[in-house]
Amino acid sequence: MNKKIQTDSVNHLFDAILCLETREECYDFFEDLCTVNELLSISQRYEVASMLKSHKTYLEIAEKTGASTATISRVNRSLNYGNDGYDLVLKRLKERQTDNP
């Protein structure tokens, strides 16, 4: 974990996110918290990570998501050298889908 981002403010934000219970609550909170472009950028990076984990090519990812090769490369670097946050979430979502077909 990056100590530079571990602050009381970030902890409060994460606590707030963890208390959300439904997708609708997430929409309400994140629409208030982020600009439309910020939210779309975050969701795009998550989609890129998912596609990279599914062994899609940069070209396929760029065509489907509209992400630049720089963004795809940055996400790929996080997947390979980051804190495994993407892996954790993608694994948990896959487990949930398996448990609730």
# chains A, B, ... in the order shown; residues from 1 in each chain; ligands from 1
$ residues_around --residues "segment 89-97 of chain A" --least-positions-apart "5" --cutoff "9 Å" --atoms "only C-alpha atoms" --output "VMD selection string"
chain A and resid 49 to 50 53 84
$ closest_residue --among "A:Glu21, A:Arg74, A:Cys26, A:Ser9" --to "Arg45 of chain A" --atoms "only C-alpha atoms"
A:Arg74
$ closest_residue --among "A:Ile72, A:Leu20, A:Val10, A:Ile42" --to "Glu60 of chain A" --atoms "only C-alpha atoms"
A:Ile72
$ select_by_dssp --residues "segment 10-95 of chain A" --states "alpha helix (DSSP H)" --output "NGL selection string"
:A and (10-18 or 23-33 or 36-53 or 58-65 or 69-81 or 85-95)
$ residues_around --residues "Phe29 of chain A" --least-positions-apart "6" --cutoff "10 Å" --atoms "only C-alpha atoms" --output "VMD selection string"
chain A and resid 16 to 17 20 23
$ closest_residue --among "A:Thr98, A:Thr57, A:Thr35, A:Thr7" --to "Asn76 of chain A" --atoms "only C-alpha atoms"
A:Thr57
$ atom_distance --atom1 "atom CA of Lys64 of chain A" --atom2 "atom CA of Asp28 of chain A"
26.4 Å
$ residues_around --residues "Ala70 of chain A" --least-positions-apart "5" --cutoff "12 Å" --atoms "only C-alpha atoms" --output "JSON, numbers by chain"
{"A": [45, 48, 58, 61, 62, 75, 76, 77]}
$ write_last_selection --atoms "N, CA and C atoms" --output "tab-separated table (two decimals), in the first residue's frame"
chain	number	residue	atom	x	y	z
A	45	ARG	N	-10.86	2.28	-16.96
A	45	ARG	CA	-9.65	1.59	-16.50
A	45	ARG	C	-10.00	0.22	-15.92
A	48	VAL	N	-10.69	-2.04	-18.84
A	48	VAL	CA	-9.41	-2.40	-19.46
A	48	VAL	C	-8.74	-3.52	-18.66
A	58	TYR	N	-4.29	-5.28	-27.03
A	58	TYR	CA	-4.43	-3.83	-26.87
A	58	TYR	C	-5.40	-3.29	-27.92
A	61	ILE	N	-8.97	-4.08	-26.97
A	61	ILE	CA	-9.36	-3.26	-25.82
A	61	ILE	C	-9.61	-1.82	-26.24
A	62	ALA	N	-8.71	-1.28	-27.05
A	62	ALA	CA	-8.86	0.10	-27.53
A	62	ALA	C	-10.14	0.26	-28.33
A	75	VAL	N	-2.64	0.53	-17.07
A	75	VAL	CA	-3.41	-0.48	-16.35
A	75	VAL	C	-2.65	-1.80	-16.35
A	76	ASN	N	-2.05	-2.15	-17.47
A	76	ASN	CA	-1.28	-3.39	-17.55
A	76	ASN	C	-0.11	-3.38	-16.57
A	77	ARG	N	0.53	-2.23	-16.42
A	77	ARG	CA	1.63	-2.09	-15.46
A	77	ARG	C	1.11	-2.30	-14.03
$ atom_distance --atom1 "atom CA of Ser73 of chain A" --atom2 "atom CA of Leu33 of chain A"
26.7 Å
$ atom_distance --atom1 "atom CA of Thr65 of chain A" --atom2 "atom CA of Glu47 of chain A"
7.4 Å
$ residues_around --residues "segment 2-6 of chain A" --least-positions-apart "5" --cutoff "12 Å" --atoms "only C-alpha atoms" --output "ChimeraX atom specification"
/A:11-14,82-83
